[in-house]
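Data block for target-v8.txt (compact mmCIF, C-alpha atoms):
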# COMPACT_ATOMS: atom_id res chain seq x y z
CA MET A 1 0.96 -54.82 -22.29
CA GLN A 2 -1.85 -56.70 -20.57
CA LEU A 3 0.19 -58.01 -17.64
CA ILE A 4 -2.74 -59.09 -15.49
CA PRO A 5 -5.24 -61.53 -17.03
CA LYS A 6 -8.57 -59.89 -17.84
CA SER A 7 -10.64 -62.04 -15.49
CA VAL A 8 -8.30 -61.18 -12.61
CA GLU A 9 -8.45 -57.49 -13.42
CA ARG A 10 -12.24 -57.60 -13.67
CA LEU A 11 -12.68 -59.32 -10.31
CA THR A 12 -10.21 -56.94 -8.69
CA GLY A 13 -12.31 -54.07 -10.02
CA GLU A 14 -15.53 -55.59 -8.71
CA PHE A 15 -14.09 -56.22 -5.25
CA GLY A 16 -12.75 -52.67 -5.23
CA ARG A 17 -16.27 -51.29 -5.69
CA LEU A 18 -17.32 -52.71 -2.33
CA PRO A 19 -17.25 -50.25 0.56
CA GLY A 20 -14.11 -50.38 2.66
CA ILE A 21 -12.17 -52.46 0.13
CA GLY A 22 -9.37 -50.56 -1.56
CA PRO A 23 -7.39 -51.63 -4.64
CA ARG A 24 -4.67 -53.35 -2.59
CA THR A 25 -7.15 -55.37 -0.53
CA ALA A 26 -9.07 -56.26 -3.70
CA GLU A 27 -5.86 -57.55 -5.28
CA ARG A 28 -5.04 -59.65 -2.24
CA LEU A 29 -8.54 -61.13 -2.15
CA VAL A 30 -8.33 -62.13 -5.80
CA PHE A 31 -4.92 -63.73 -5.43
CA TYR A 32 -6.09 -65.49 -2.29
CA LEU A 33 -8.96 -66.99 -4.30
CA LEU A 34 -6.60 -67.86 -7.14
CA ARG A 35 -4.37 -69.82 -4.78
CA ASP A 36 -7.31 -71.62 -3.24
CA SER A 37 -7.96 -74.93 -4.94
CA ARG A 38 -11.21 -75.89 -3.18
CA GLY A 39 -13.45 -73.81 -5.42
CA GLN A 40 -14.03 -71.08 -2.85
CA HIS A 41 -14.40 -68.47 -5.60
CA GLU A 42 -17.25 -70.47 -7.11
CA GLN A 43 -19.00 -70.90 -3.78
CA LEU A 44 -18.79 -67.18 -3.12
CA GLY A 45 -19.86 -66.48 -6.69
CA GLN A 46 -22.86 -68.78 -6.42
CA ALA A 47 -23.87 -67.29 -3.07
CA LEU A 48 -23.78 -63.85 -4.69
CA MET A 49 -25.81 -64.96 -7.70
CA ASP A 50 -28.41 -66.55 -5.42
CA LEU A 51 -28.53 -63.64 -2.98
CA LYS A 52 -31.73 -62.02 -4.10
CA ASP A 53 -33.32 -65.02 -5.84
CA SER A 54 -35.68 -66.06 -3.10
CA LEU A 55 -35.51 -62.81 -1.20
CA THR A 56 -38.50 -60.61 -0.62
CA THR A 57 -39.69 -58.23 2.06
CA CYS A 58 -42.12 -59.32 4.76
CA GLU A 59 -45.58 -58.04 3.83
CA ILE A 60 -46.24 -56.99 7.44
CA CYS A 61 -43.03 -55.44 8.76
CA PHE A 62 -41.01 -55.01 5.50
CA ASN A 63 -37.99 -56.75 6.94
CA LEU A 64 -35.98 -58.93 4.56
CA SER A 65 -37.30 -62.45 4.37
CA ASP A 66 -37.44 -65.50 2.18
CA GLN A 67 -41.10 -65.98 3.08
CA THR A 68 -44.00 -63.61 2.45
CA THR A 69 -44.19 -63.20 6.22
CA CYS A 70 -40.92 -63.01 8.15
CA ALA A 71 -39.98 -65.17 11.12
CA VAL A 72 -40.77 -62.49 13.70
CA CYS A 73 -44.17 -61.64 12.22
CA SER A 74 -45.27 -65.25 11.80
CA THR A 75 -44.39 -66.47 15.28
CA HIS A 76 -46.95 -66.25 18.09
CA ASP A 77 -44.60 -65.86 21.02
CA ARG A 78 -43.76 -62.23 20.33
CA ASP A 79 -45.61 -59.31 21.89
CA ALA A 80 -47.76 -57.85 19.12
CA HIS A 81 -48.49 -54.71 21.17
CA VAL A 82 -45.00 -53.27 20.96
CA LEU A 83 -43.47 -52.21 17.67
CA ALA A 84 -39.87 -51.13 17.13
CA VAL A 85 -39.51 -48.86 14.11
CA VAL A 86 -36.05 -49.25 12.56
CA GLU A 87 -34.33 -47.96 9.44
CA GLU A 88 -32.77 -51.12 8.04
CA PRO A 89 -32.87 -54.92 8.36
CA LEU A 90 -29.43 -54.83 10.03
CA ASP A 91 -30.99 -52.81 12.84
CA VAL A 92 -33.40 -55.68 13.47
CA VAL A 93 -30.43 -58.02 13.75
CA ALA A 94 -28.73 -55.63 16.19
CA ILE A 95 -31.81 -55.36 18.42
CA GLU A 96 -32.38 -59.12 18.32
CA LYS A 97 -28.82 -59.68 19.49
CA THR A 98 -29.57 -57.81 22.74
CA GLY A 99 -32.14 -60.50 23.57
CA LEU A 100 -34.12 -57.81 25.41
CA PHE A 101 -36.86 -57.06 22.92
CA ARG A 102 -39.89 -59.35 22.63
CA GLY A 103 -42.04 -57.13 20.43
CA ARG A 104 -42.26 -56.86 16.66
CA TYR A 105 -40.69 -54.62 14.07
CA HIS A 106 -41.44 -52.22 11.29
CA VAL A 107 -38.58 -51.63 8.86
CA ILE A 108 -39.11 -48.29 7.13
CA GLY A 109 -36.21 -48.82 4.74
CA GLY A 110 -34.13 -45.71 5.31
CA VAL A 111 -34.45 -42.15 6.57
CA ILE A 112 -35.98 -38.97 5.26
CA SER A 113 -33.13 -37.27 3.42
CA PRO A 114 -34.09 -34.52 0.94
CA ILE A 115 -30.48 -34.31 -0.23
CA ASP A 116 -30.71 -37.91 -1.51
CA GLY A 117 -34.22 -37.29 -2.79
CA ILE A 118 -35.79 -39.54 -0.17
CA GLY A 119 -39.06 -38.26 1.22
CA PRO A 120 -41.58 -39.95 3.53
CA ASP A 121 -43.33 -41.55 0.55
CA GLN A 122 -40.26 -43.60 -0.34
CA LEU A 123 -40.27 -45.10 3.15
CA GLN A 124 -42.68 -47.52 4.80
CA ILE A 125 -44.25 -44.84 6.97
CA ARG A 126 -47.78 -44.91 5.57
CA SER A 127 -47.90 -48.67 6.10
CA LEU A 128 -46.75 -48.10 9.68
CA VAL A 129 -49.58 -45.64 10.31
CA GLN A 130 -52.06 -48.12 8.80
CA ARG A 131 -50.67 -50.86 10.98
CA VAL A 132 -51.14 -48.75 14.11
CA GLU A 133 -54.59 -47.63 12.95
CA ALA A 134 -55.59 -51.26 12.57
CA GLY A 135 -55.34 -51.30 16.36
CA ASP A 136 -53.91 -53.53 19.07
CA ILE A 137 -50.58 -51.69 19.25
CA SER A 138 -49.87 -49.88 22.51
CA GLU A 139 -46.28 -48.73 22.12
CA ILE A 140 -44.11 -47.60 19.23
CA ILE A 141 -40.39 -47.50 19.93
CA LEU A 142 -38.76 -45.16 17.44
CA ALA A 143 -35.42 -46.87 16.99
CA THR A 144 -34.07 -44.85 14.06
CA ASN A 145 -30.41 -43.86 14.35
CA PRO A 146 -29.41 -41.02 16.69
CA SER A 147 -28.30 -39.00 13.65
CA THR A 148 -29.81 -35.80 12.23
CA GLU A 149 -31.75 -37.75 9.59
CA GLY A 150 -32.81 -40.42 12.06
CA GLU A 151 -34.01 -37.73 14.43
CA THR A 152 -35.92 -35.91 11.67
CA THR A 153 -37.53 -39.15 10.59
CA ALA A 154 -38.52 -39.97 14.18
CA LEU A 155 -40.08 -36.52 14.57
CA TYR A 156 -41.99 -36.94 11.32
CA ILE A 157 -43.31 -40.35 12.34
CA ARG A 158 -44.37 -39.02 15.74
CA LYS A 159 -46.38 -36.33 13.99
CA GLN A 160 -48.07 -38.92 11.75
CA LEU A 161 -49.10 -40.95 14.80
CA GLU A 162 -50.26 -38.02 16.95
CA HIS A 163 -53.95 -38.74 16.46
CA LEU A 164 -53.64 -42.36 17.57
CA PRO A 165 -53.86 -43.69 21.15
CA VAL A 166 -50.36 -45.11 21.23
CA THR A 167 -47.36 -44.45 23.46
CA ILE A 168 -44.37 -43.29 21.45
CA THR A 169 -40.88 -43.79 22.86
CA ARG A 170 -37.38 -43.27 21.57
CA LEU A 171 -34.24 -45.28 22.37
CA ALA A 172 -32.27 -43.70 25.23
CA ARG A 173 -29.32 -41.51 24.35
CA GLY A 174 -26.41 -41.47 26.76
CA LEU A 175 -22.92 -42.72 27.35
CA PRO A 176 -22.12 -45.98 25.56
CA VAL A 177 -21.32 -48.81 27.97
CA GLY A 178 -17.57 -49.12 28.38
CA GLY A 179 -17.18 -45.57 27.13
CA ASP A 180 -15.17 -42.87 28.80
CA LEU A 181 -16.84 -39.72 30.12
CA GLU A 182 -13.71 -37.74 29.36
CA TYR A 183 -13.89 -38.60 25.67
CA ALA A 184 -17.66 -38.36 25.19
CA ASP A 185 -18.71 -35.61 22.79
CA GLN A 186 -20.63 -32.73 24.37
CA ILE A 187 -23.98 -33.58 22.81
CA THR A 188 -23.89 -37.19 24.03
CA LEU A 189 -22.80 -36.08 27.50
CA GLY A 190 -25.53 -33.43 27.52
CA ARG A 191 -28.10 -36.07 26.62
CA ALA A 192 -26.75 -38.35 29.33
CA LEU A 193 -27.18 -35.54 31.87
CA GLN A 194 -30.70 -34.72 30.75
CA GLY A 195 -31.66 -38.37 30.76
CA ARG A 196 -30.09 -39.22 34.14
CA GLN A 197 -31.88 -41.87 36.10
CA ALA A 198 -32.53 -42.63 39.76
CA PHE A 199 -29.82 -44.95 41.09
CA MET B 200 -36.10 -68.77 14.69
CA GLN B 201 -34.44 -68.14 11.32
CA LEU B 202 -34.25 -64.35 11.58
CA ILE B 203 -31.84 -63.81 8.71
CA PRO B 204 -32.84 -65.22 5.30
CA LYS B 205 -30.75 -68.25 4.31
CA SER B 206 -29.23 -66.66 1.22
CA VAL B 207 -28.10 -63.67 3.29
CA GLU B 208 -26.63 -65.91 5.94
CA ARG B 209 -24.87 -68.03 3.34
CA LEU B 210 -23.28 -65.04 1.61
CA THR B 211 -22.24 -63.56 4.96
CA GLY B 212 -20.52 -66.86 5.73
CA GLU B 213 -18.75 -66.92 2.38
CA PHE B 214 -17.51 -63.34 2.71
CA GLY B 215 -16.37 -64.12 6.24
CA ARG B 216 -14.11 -66.89 4.93
CA LEU B 217 -12.03 -64.35 3.00
CA PRO B 218 -8.85 -63.22 4.73
CA GLY B 219 -9.18 -59.96 6.64
CA ILE B 220 -12.96 -59.93 6.51
CA GLY B 221 -14.59 -60.53 9.88
CA PRO B 222 -18.26 -61.31 10.58
CA ARG B 223 -19.21 -57.64 11.04
CA THR B 224 -17.59 -56.57 7.78
CA ALA B 225 -19.16 -59.54 5.99
CA GLU B 226 -22.60 -58.49 7.27
CA ARG B 227 -22.06 -54.92 6.11
CA LEU B 228 -20.94 -56.04 2.66
CA VAL B 229 -24.02 -58.23 2.24
CA PHE B 230 -26.40 -55.49 3.31
CA TYR B 231 -24.60 -53.04 1.07
CA LEU B 232 -25.21 -55.39 -1.85
CA LEU B 233 -28.83 -55.89 -0.79
CA ARG B 234 -29.44 -52.15 -0.87
CA ASP B 235 -27.80 -51.79 -4.25
CA SER B 236 -30.29 -52.00 -7.07
CA ARG B 237 -27.92 -52.00 -10.05
CA GLY B 238 -27.15 -55.69 -9.88
CA GLN B 239 -23.71 -55.24 -8.38
CA HIS B 240 -23.98 -58.58 -6.56
CA GLU B 241 -24.53 -60.33 -9.88
CA GLN B 242 -21.62 -58.59 -11.54
CA LEU B 243 -19.34 -59.56 -8.67
CA GLY B 244 -20.81 -63.07 -8.69
CA GLN B 245 -20.23 -63.47 -12.41
CA ALA B 246 -16.68 -62.14 -12.15
CA LEU B 247 -16.03 -64.74 -9.46
CA MET B 248 -17.53 -67.57 -11.49
CA ASP B 249 -15.47 -66.57 -14.53
CA LEU B 250 -12.25 -66.05 -12.58
CA LYS B 251 -10.46 -69.25 -13.47
CA ASP B 252 -12.33 -70.10 -16.66
CA SER B 253 -9.79 -68.87 -19.16
CA LEU B 254 -6.92 -68.77 -16.73
CA THR B 255 -3.80 -70.83 -17.13
CA THR B 256 -0.12 -70.47 -16.29
CA CYS B 257 2.40 -69.31 -18.83
CA GLU B 258 4.29 -72.33 -20.13
CA ILE B 259 7.58 -70.47 -19.96
CA CYS B 260 7.56 -68.47 -16.71
CA PHE B 261 4.54 -70.01 -14.90
CA ASN B 262 3.01 -66.61 -14.28
CA LEU B 263 -0.80 -66.41 -14.45
CA SER B 264 -2.03 -65.75 -17.93
CA ASP B 265 -5.03 -66.15 -20.19
CA GLN B 266 -2.70 -67.21 -23.01
CA THR B 267 -0.36 -70.20 -23.17
CA THR B 268 2.49 -67.68 -23.17
CA CYS B 269 2.15 -64.62 -20.94
CA ALA B 270 2.53 -61.02 -22.05
CA VAL B 271 6.06 -60.66 -20.68
CA CYS B 272 7.31 -63.89 -22.26
CA SER B 273 5.76 -63.24 -25.66
CA THR B 274 7.02 -59.70 -26.14
CA HIS B 275 10.38 -59.05 -27.79
CA ASP B 276 11.31 -55.80 -26.06
CA ARG B 277 12.26 -57.40 -22.76
CA ASP B 278 15.79 -58.43 -21.88
CA ALA B 279 15.84 -62.23 -22.10
CA HIS B 280 19.22 -62.41 -20.34
CA VAL B 281 17.97 -61.38 -16.93
CA LEU B 282 15.48 -63.46 -14.98
CA ALA B 283 13.74 -62.43 -11.75
CA VAL B 284 12.69 -65.44 -9.70
CA VAL B 285 9.61 -64.62 -7.63
CA GLU B 286 7.25 -66.58 -5.39
CA GLU B 287 3.85 -65.46 -6.65
CA PRO B 288 2.16 -63.66 -9.58
CA LEU B 289 1.51 -60.67 -7.28
CA ASP B 290 5.25 -60.26 -6.94
CA VAL B 291 5.49 -59.84 -10.71
CA VAL B 292 2.87 -57.09 -10.48
CA ALA B 293 4.82 -55.41 -7.68
CA ILE B 294 8.09 -55.47 -9.60
CA GLU B 295 6.41 -54.28 -12.81
CA LYS B 296 5.01 -51.28 -10.91
CA THR B 297 8.53 -50.07 -10.13
CA GLY B 298 9.09 -49.66 -13.87
CA LEU B 299 12.77 -50.48 -13.26
CA PHE B 300 12.96 -54.06 -14.44
CA ARG B 301 13.21 -54.90 -18.12
CA GLY B 302 14.03 -58.58 -17.82
CA ARG B 303 11.75 -61.60 -17.61
CA TYR B 304 10.33 -63.64 -14.79
CA HIS B 305 10.12 -67.12 -13.38
CA VAL B 306 7.26 -67.68 -10.93
CA ILE B 307 8.10 -70.65 -8.72
CA GLY B 308 4.66 -70.67 -7.08
CA GLY B 309 5.54 -70.48 -3.40
CA VAL B 310 8.38 -71.23 -1.01
CA ILE B 311 9.96 -74.35 0.40
CA SER B 312 8.08 -74.95 3.62
CA PRO B 313 8.35 -78.44 5.14
CA ILE B 314 5.70 -77.50 7.75
CA ASP B 315 3.15 -77.04 4.96
CA GLY B 316 4.48 -80.09 3.15
CA ILE B 317 5.92 -78.03 0.32
CA GLY B 318 9.26 -79.25 -0.95
CA PRO B 319 11.29 -78.14 -3.98
CA ASP B 320 9.41 -80.56 -6.22
CA GLN B 321 6.11 -78.76 -5.68
CA LEU B 322 7.70 -75.55 -6.94
CA GLN B 323 8.84 -74.56 -10.41
CA ILE B 324 12.50 -74.91 -9.55
CA ARG B 325 13.43 -77.76 -11.87
CA SER B 326 11.91 -75.82 -14.78
CA LEU B 327 13.99 -72.81 -13.75
CA VAL B 328 17.19 -74.87 -13.83
CA GLN B 329 16.24 -76.23 -17.25
CA ARG B 330 15.54 -72.72 -18.47
CA VAL B 331 18.97 -71.56 -17.33
CA GLU B 332 20.63 -74.69 -18.73
CA ALA B 333 19.03 -73.94 -22.10
CA GLY B 334 21.42 -70.98 -22.11
CA ASP B 335 21.34 -67.31 -22.94
CA ILE B 336 20.62 -66.19 -19.37
CA SER B 337 23.34 -64.17 -17.70
CA GLU B 338 21.73 -63.06 -14.41
CA ILE B 339 19.25 -64.58 -12.02
CA ILE B 340 17.76 -62.15 -9.49
CA LEU B 341 16.44 -64.15 -6.57
CA ALA B 342 13.45 -62.02 -5.59
CA THR B 343 11.80 -64.34 -3.09
CA ASN B 344 10.54 -62.63 0.08
CA PRO B 345 13.04 -61.58 2.75
CA SER B 346 11.45 -64.12 5.13
CA THR B 347 12.93 -67.31 6.57
CA GLU B 348 11.21 -69.45 3.93
CA GLY B 349 12.05 -67.02 1.13
CA GLU B 350 15.67 -67.05 2.25
CA THR B 351 15.78 -70.85 2.45
CA THR B 352 14.25 -71.12 -1.00
CA ALA B 353 16.77 -68.63 -2.41
CA LEU B 354 19.64 -70.62 -0.89
CA TYR B 355 18.25 -73.84 -2.33
CA ILE B 356 17.91 -72.33 -5.80
CA ARG B 357 21.44 -70.93 -5.64
CA LYS B 358 22.72 -74.42 -4.90
CA GLN B 359 20.81 -75.86 -7.87
CA LEU B 360 22.34 -73.27 -10.19
CA GLU B 361 25.91 -73.54 -8.86
CA HIS B 362 27.20 -75.51 -11.83
CA LEU B 363 25.93 -73.00 -14.38
CA PRO B 364 27.75 -69.91 -15.65
CA VAL B 365 25.21 -67.40 -14.39
CA THR B 366 25.43 -64.46 -11.99
CA ILE B 367 23.09 -64.88 -9.06
CA THR B 368 21.91 -61.79 -7.18
CA ARG B 369 19.41 -61.15 -4.40
CA LEU B 370 17.23 -58.06 -3.84
CA ALA B 371 18.88 -55.57 -1.46
CA ARG B 372 17.82 -55.64 2.17
CA GLY B 373 17.84 -52.35 4.05
CA LEU B 374 15.71 -49.57 5.43
CA PRO B 375 12.42 -49.11 3.55
CA VAL B 376 12.14 -45.72 1.87
CA GLY B 377 10.21 -43.33 4.09
CA GLY B 378 10.98 -45.56 7.06
CA ASP B 379 12.35 -44.39 10.36
CA LEU B 380 15.73 -45.61 11.58
CA GLU B 381 14.53 -45.39 15.16
CA TYR B 382 11.73 -47.85 14.52
CA ALA B 383 13.58 -50.25 12.23
CA ASP B 384 13.98 -53.74 13.68
CA GLN B 385 17.53 -54.77 14.51
CA ILE B 386 17.86 -57.32 11.72
CA THR B 387 16.80 -54.85 9.04
CA LEU B 388 19.08 -52.18 10.47
CA GLY B 389 21.91 -54.70 10.66
CA ARG B 390 21.39 -55.60 6.99
CA ALA B 391 21.31 -51.91 6.09
CA LEU B 392 24.65 -51.43 7.82
CA GLN B 393 26.26 -54.46 6.17
CA GLY B 394 24.95 -53.40 2.78
CA ARG B 395 25.88 -49.73 3.07
CA GLN B 396 26.82 -48.09 -0.20
CA ALA B 397 29.20 -45.35 -1.32
CA PHE B 398 27.40 -42.00 -1.29

Please, can you express the file's structure as structure tokens?
Amino acid sequence: MQLIPKSVERLTGEFGRLPGIGPRTAERLVFYLLRDSRGQHEQLGQALMDLKDSLTTCEICFNLSDQTTCAVCSTHDRDAHVLAVVEEPLDVVAIEKTGLFRGRYHVIGGVISPIDGIGPDQLQIRSLVQRVEAGDISEIILATNPSTEGETTALYIRKQLEHLPVTITRLARGLPVGGDLEYADQITLGRALQGRQAF
Amino acid sequence: MQLIPKSVERLTGEFGRLPGIGPRTAERLVFYLLRDSRGQHEQLGQALMDLKDSLTTCEICFNLSDQTTCAVCSTHDRDAHVLAVVEEPLDVVAIEKTGLFRGRYHVIGGVISPIDGIGPDQLQIRSLVQRVEAGDISEIILATNPSTEGETTALYIRKQLEHLPVTITRLARGLPVGGDLEYADQITLGRALQGRQAF
């Protein structure tokens, strides 16, 4: 017996495929939308259909953009001498939220991960080297994640840039603000010790 | 500066309007869909657009259905003498999952809630009375939620059915299975005591 209408079942299935949304949450979302009479399901549906329509990647930094050149690359009030190399567009958003970075970005689009079949050629690393070779860049901040893959990728990029007259830095590792020394894992605490600063 | 493309921002906003999805989760969902290359955003979008297209309510029990008569009402192997009165279609799903109910349903579509401007006339209560008046129903199980509004609605329905020769029951209140007596709230524990059964 088909107790649940097909369209409801289908949407529940689609919601359930999203990360972090289990079958119960998916069901609740669908029934929430069913109860709503202001056409919220259509607005969400349309937003989804339109998501990638006008979306492209910036031809300079490979960040997501709806222009051929993204907002950061096309403005003149950003320091063009400093480049933050990040994995994903969300990382750009995170760094922008700090309000402390006035340079530009290079989004490599992931990390080197042989297990997932992702090598350096699948990432925007060659374009990064070309960008640095083109000159005028004095510092590269390697802002890949502090994970094994992020670390590997940072090491690889450093090697690719060795021959160029550019300062290479990496985001500081240490205790997160508001964190508790007692609960910090040993590697983080070790890094915090090694990276201690004059006070 | 428009750092995030408009379509991304719009979809993040739409996701964020769903219950239980905050701005961070919305952002993650959007970027998950952006990374996906199998058109998952379009499948979800289409499922949303189609959600209510062929959807209607069963003309007998007012449950959601893609037919004029829902699956439960149109089958012959369900006991037509017992009717479970529930608030929402999800409640039908929940009761069906127990596998212990062989009767039929009546979905009233909410609860009496003067604060939200919902009175008995906005609910399918008159149609329930007519259905019982039409005869052949021996038991009405009032399966509205064990909340103040659910209780009020159950009391109201009981009053409407007073003049009819039908047994009216209410779902048992008590300790949830797997629950812990120590942590049960006093009202639930009180109900469990009052409703204790021979063992």

What lies within 12 Å of Gln130 in chain A using all atoms listed in the file, ignoring chain neighbours under 6 positions off, as a PDB file with C-alpha atoms, in the frame of the given file?
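Final file, part.pdb:
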ATOM      1  CA  ILE A  60     -46.240 -56.990   7.440  1.00  0.00           C
ATOM      2  CA  CYS A  61     -43.030 -55.440   8.760  1.00  0.00           C
ATOM      3  CA  HIS A 106     -41.440 -52.220  11.290  1.00  0.00           C
ATOM      4  CA  GLN A 124     -42.680 -47.520   4.800  1.00  0.00           C
ATOM      5  CA  ASP A 136     -53.910 -53.530  19.070  1.00  0.00           C
ATOM      6  CA  ILE A 137     -50.580 -51.690  19.250  1.00  0.00           C
ATOM      7  CA  GLN A 160     -48.070 -38.920  11.750  1.00  0.00           C
ATOM      8  CA  LEU A 161     -49.100 -40.950  14.800  1.00  0.00           C
ATOM      9  CA  LEU A 164     -53.640 -42.360  17.570  1.00  0.00           C
TER      10      LEU A 164
END

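For the set B:Val285, B:Leu392, B:Ala383, B:Val292, the residue with the smallest atom-to-atom gap to chain A is B:Val292, counting only C-alpha atoms.
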
Please measure the separation of CA of Arg390 in chain B and CA of Ile340 in chain B, giving the value in Å to one decimal.
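Spanning CA of Arg390 in chain B to CA of Ile340 in chain B is a straight-line distance of 18.1 Å.
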
What residues in chain A lie within 6 Å of chain B, counting all atoms listed in the file, written as a list in words?
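Result, ordered by chain then number: Leu3, Pro5, Ser7, Leu11, Glu14, His41, Glu42, Leu44, Gly45, Ala47, Leu48, Met49, Leu51, Ser65, Asp66 and Ala71 of chain A.
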
Taking C-alpha atoms for each residue, export the selection above as a PDB file, in the frame of the given file.
ATOM      1  CA  LEU A   3       0.190 -58.010 -17.640  1.00  0.00           C
ATOM      2  CA  PRO A   5      -5.240 -61.530 -17.030  1.00  0.00           C
ATOM      3  CA  SER A   7     -10.640 -62.040 -15.490  1.00  0.00           C
ATOM      4  CA  LEU A  11     -12.680 -59.320 -10.310  1.00  0.00           C
ATOM      5  CA  GLU A  14     -15.530 -55.590  -8.710  1.00  0.00           C
ATOM      6  CA  HIS A  41     -14.400 -68.470  -5.600  1.00  0.00           C
ATOM      7  CA  GLU A  42     -17.250 -70.470  -7.110  1.00  0.00           C
ATOM      8  CA  LEU A  44     -18.790 -67.180  -3.120  1.00  0.00           C
ATOM      9  CA  GLY A  45     -19.860 -66.480  -6.690  1.00  0.00           C
ATOM     10  CA  ALA A  47     -23.870 -67.290  -3.070  1.00  0.00           C
ATOM     11  CA  LEU A  48     -23.780 -63.850  -4.690  1.00  0.00           C
ATOM     12  CA  MET A  49     -25.810 -64.960  -7.700  1.00  0.00           C
ATOM     13  CA  LEU A  51     -28.530 -63.640  -2.980  1.00  0.00           C
ATOM     14  CA  SER A  65     -37.300 -62.450   4.370  1.00  0.00           C
ATOM     15  CA  ASP A  66     -37.440 -65.500   2.180  1.00  0.00           C
ATOM     16  CA  ALA A  71     -39.980 -65.170  11.120  1.00  0.00           C
TER      17      ALA A  71
END

Figure out the distance between CA of Glu286 in chain B and CA of Ser337 in chain B, please, to one decimal in Å.
20.4 Å

If you measure from CA of Pro176 in chain A to CA of Pro146 in chain A, what distance in Å do you get, rounded to one decimal?
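Distance between the two atoms: 12.5 Å.
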
Between A:Ala94, A:Asn145, A:Ile115, A:Thr68, which residue has the minimum interatomic distance to Arg223 in chain B, considering only C-alpha atoms?
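Counting only C-alpha atoms, the residue closest to Arg223 in chain B is A:Ala94.
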
Applying 12 Å and all atoms listed in the file, which residues near range 155-159 of chain A remain after dropping the ones on its own chain fewer than 5 positions away? List them as a PyMOL selection string.
chain A and resi 85-86+108+111-113+119-121+123-129+132+139-144+146+148-150+164-170

Just the selected residues (C-alpha atoms), exported as a PDB file, keeping the file's coordinate frame, please.
ATOM      1  CA  VAL A  85     -39.510 -48.860  14.110  1.00  0.00           C
ATOM      2  CA  VAL A  86     -36.050 -49.250  12.560  1.00  0.00           C
ATOM      3  CA  ILE A 108     -39.110 -48.290   7.130  1.00  0.00           C
ATOM      4  CA  VAL A 111     -34.450 -42.150   6.570  1.00  0.00           C
ATOM      5  CA  ILE A 112     -35.980 -38.970   5.260  1.00  0.00           C
ATOM      6  CA  SER A 113     -33.130 -37.270   3.420  1.00  0.00           C
ATOM      7  CA  GLY A 119     -39.060 -38.260   1.220  1.00  0.00           C
ATOM      8  CA  PRO A 120     -41.580 -39.950   3.530  1.00  0.00           C
ATOM      9  CA  ASP A 121     -43.330 -41.550   0.550  1.00  0.00           C
ATOM     10  CA  LEU A 123     -40.270 -45.100   3.150  1.00  0.00           C
ATOM     11  CA  GLN A 124     -42.680 -47.520   4.800  1.00  0.00           C
ATOM     12  CA  ILE A 125     -44.250 -44.840   6.970  1.00  0.00           C
ATOM     13  CA  ARG A 126     -47.780 -44.910   5.570  1.00  0.00           C
ATOM     14  CA  SER A 127     -47.900 -48.670   6.100  1.00  0.00           C
ATOM     15  CA  LEU A 128     -46.750 -48.100   9.680  1.00  0.00           C
ATOM     16  CA  VAL A 129     -49.580 -45.640  10.310  1.00  0.00           C
ATOM     17  CA  VAL A 132     -51.140 -48.750  14.110  1.00  0.00           C
ATOM     18  CA  GLU A 139     -46.280 -48.730  22.120  1.00  0.00           C
ATOM     19  CA  ILE A 140     -44.110 -47.600  19.230  1.00  0.00           C
ATOM     20  CA  ILE A 141     -40.390 -47.500  19.930  1.00  0.00           C
ATOM     21  CA  LEU A 142     -38.760 -45.160  17.440  1.00  0.00           C
ATOM     22  CA  ALA A 143     -35.420 -46.870  16.990  1.00  0.00           C
ATOM     23  CA  THR A 144     -34.070 -44.850  14.060  1.00  0.00           C
ATOM     24  CA  PRO A 146     -29.410 -41.020  16.690  1.00  0.00           C
ATOM     25  CA  THR A 148     -29.810 -35.800  12.230  1.00  0.00           C
ATOM     26  CA  GLU A 149     -31.750 -37.750   9.590  1.00  0.00           C
ATOM     27  CA  GLY A 150     -32.810 -40.420  12.060  1.00  0.00           C
ATOM     28  CA  LEU A 164     -53.640 -42.360  17.570  1.00  0.00           C
ATOM     29  CA  PRO A 165     -53.860 -43.690  21.150  1.00  0.00           C
ATOM     30  CA  VAL A 166     -50.360 -45.110  21.230  1.00  0.00           C
ATOM     31  CA  THR A 167     -47.360 -44.450  23.460  1.00  0.00           C
ATOM     32  CA  ILE A 168     -44.370 -43.290  21.450  1.00  0.00           C
ATOM     33  CA  THR A 169     -40.880 -43.790  22.860  1.00  0.00           C
ATOM     34  CA  ARG A 170     -37.380 -43.270  21.570  1.00  0.00           C
TER      35      ARG A 170
END

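Those residues that approach Leu380 in chain B to within 12 Å, counting all atoms listed in the file, are Gly373, Leu374, Ile386, Thr387, Leu388, Gly389, Ala391 and Leu392 of chain B; same-chain residues fewer than 6 positions away are not listed.
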
Rank B:Thr256, B:Arg303, B:Arg330, B:Ala353 by their smallest atom-to-atom distance to Thr268 in chain B, using only C-alpha atoms, and report the top residue only.
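Comparing B:Thr256, B:Arg303, B:Arg330, B:Ala353 against Thr268 in chain B, the winner is B:Thr256.
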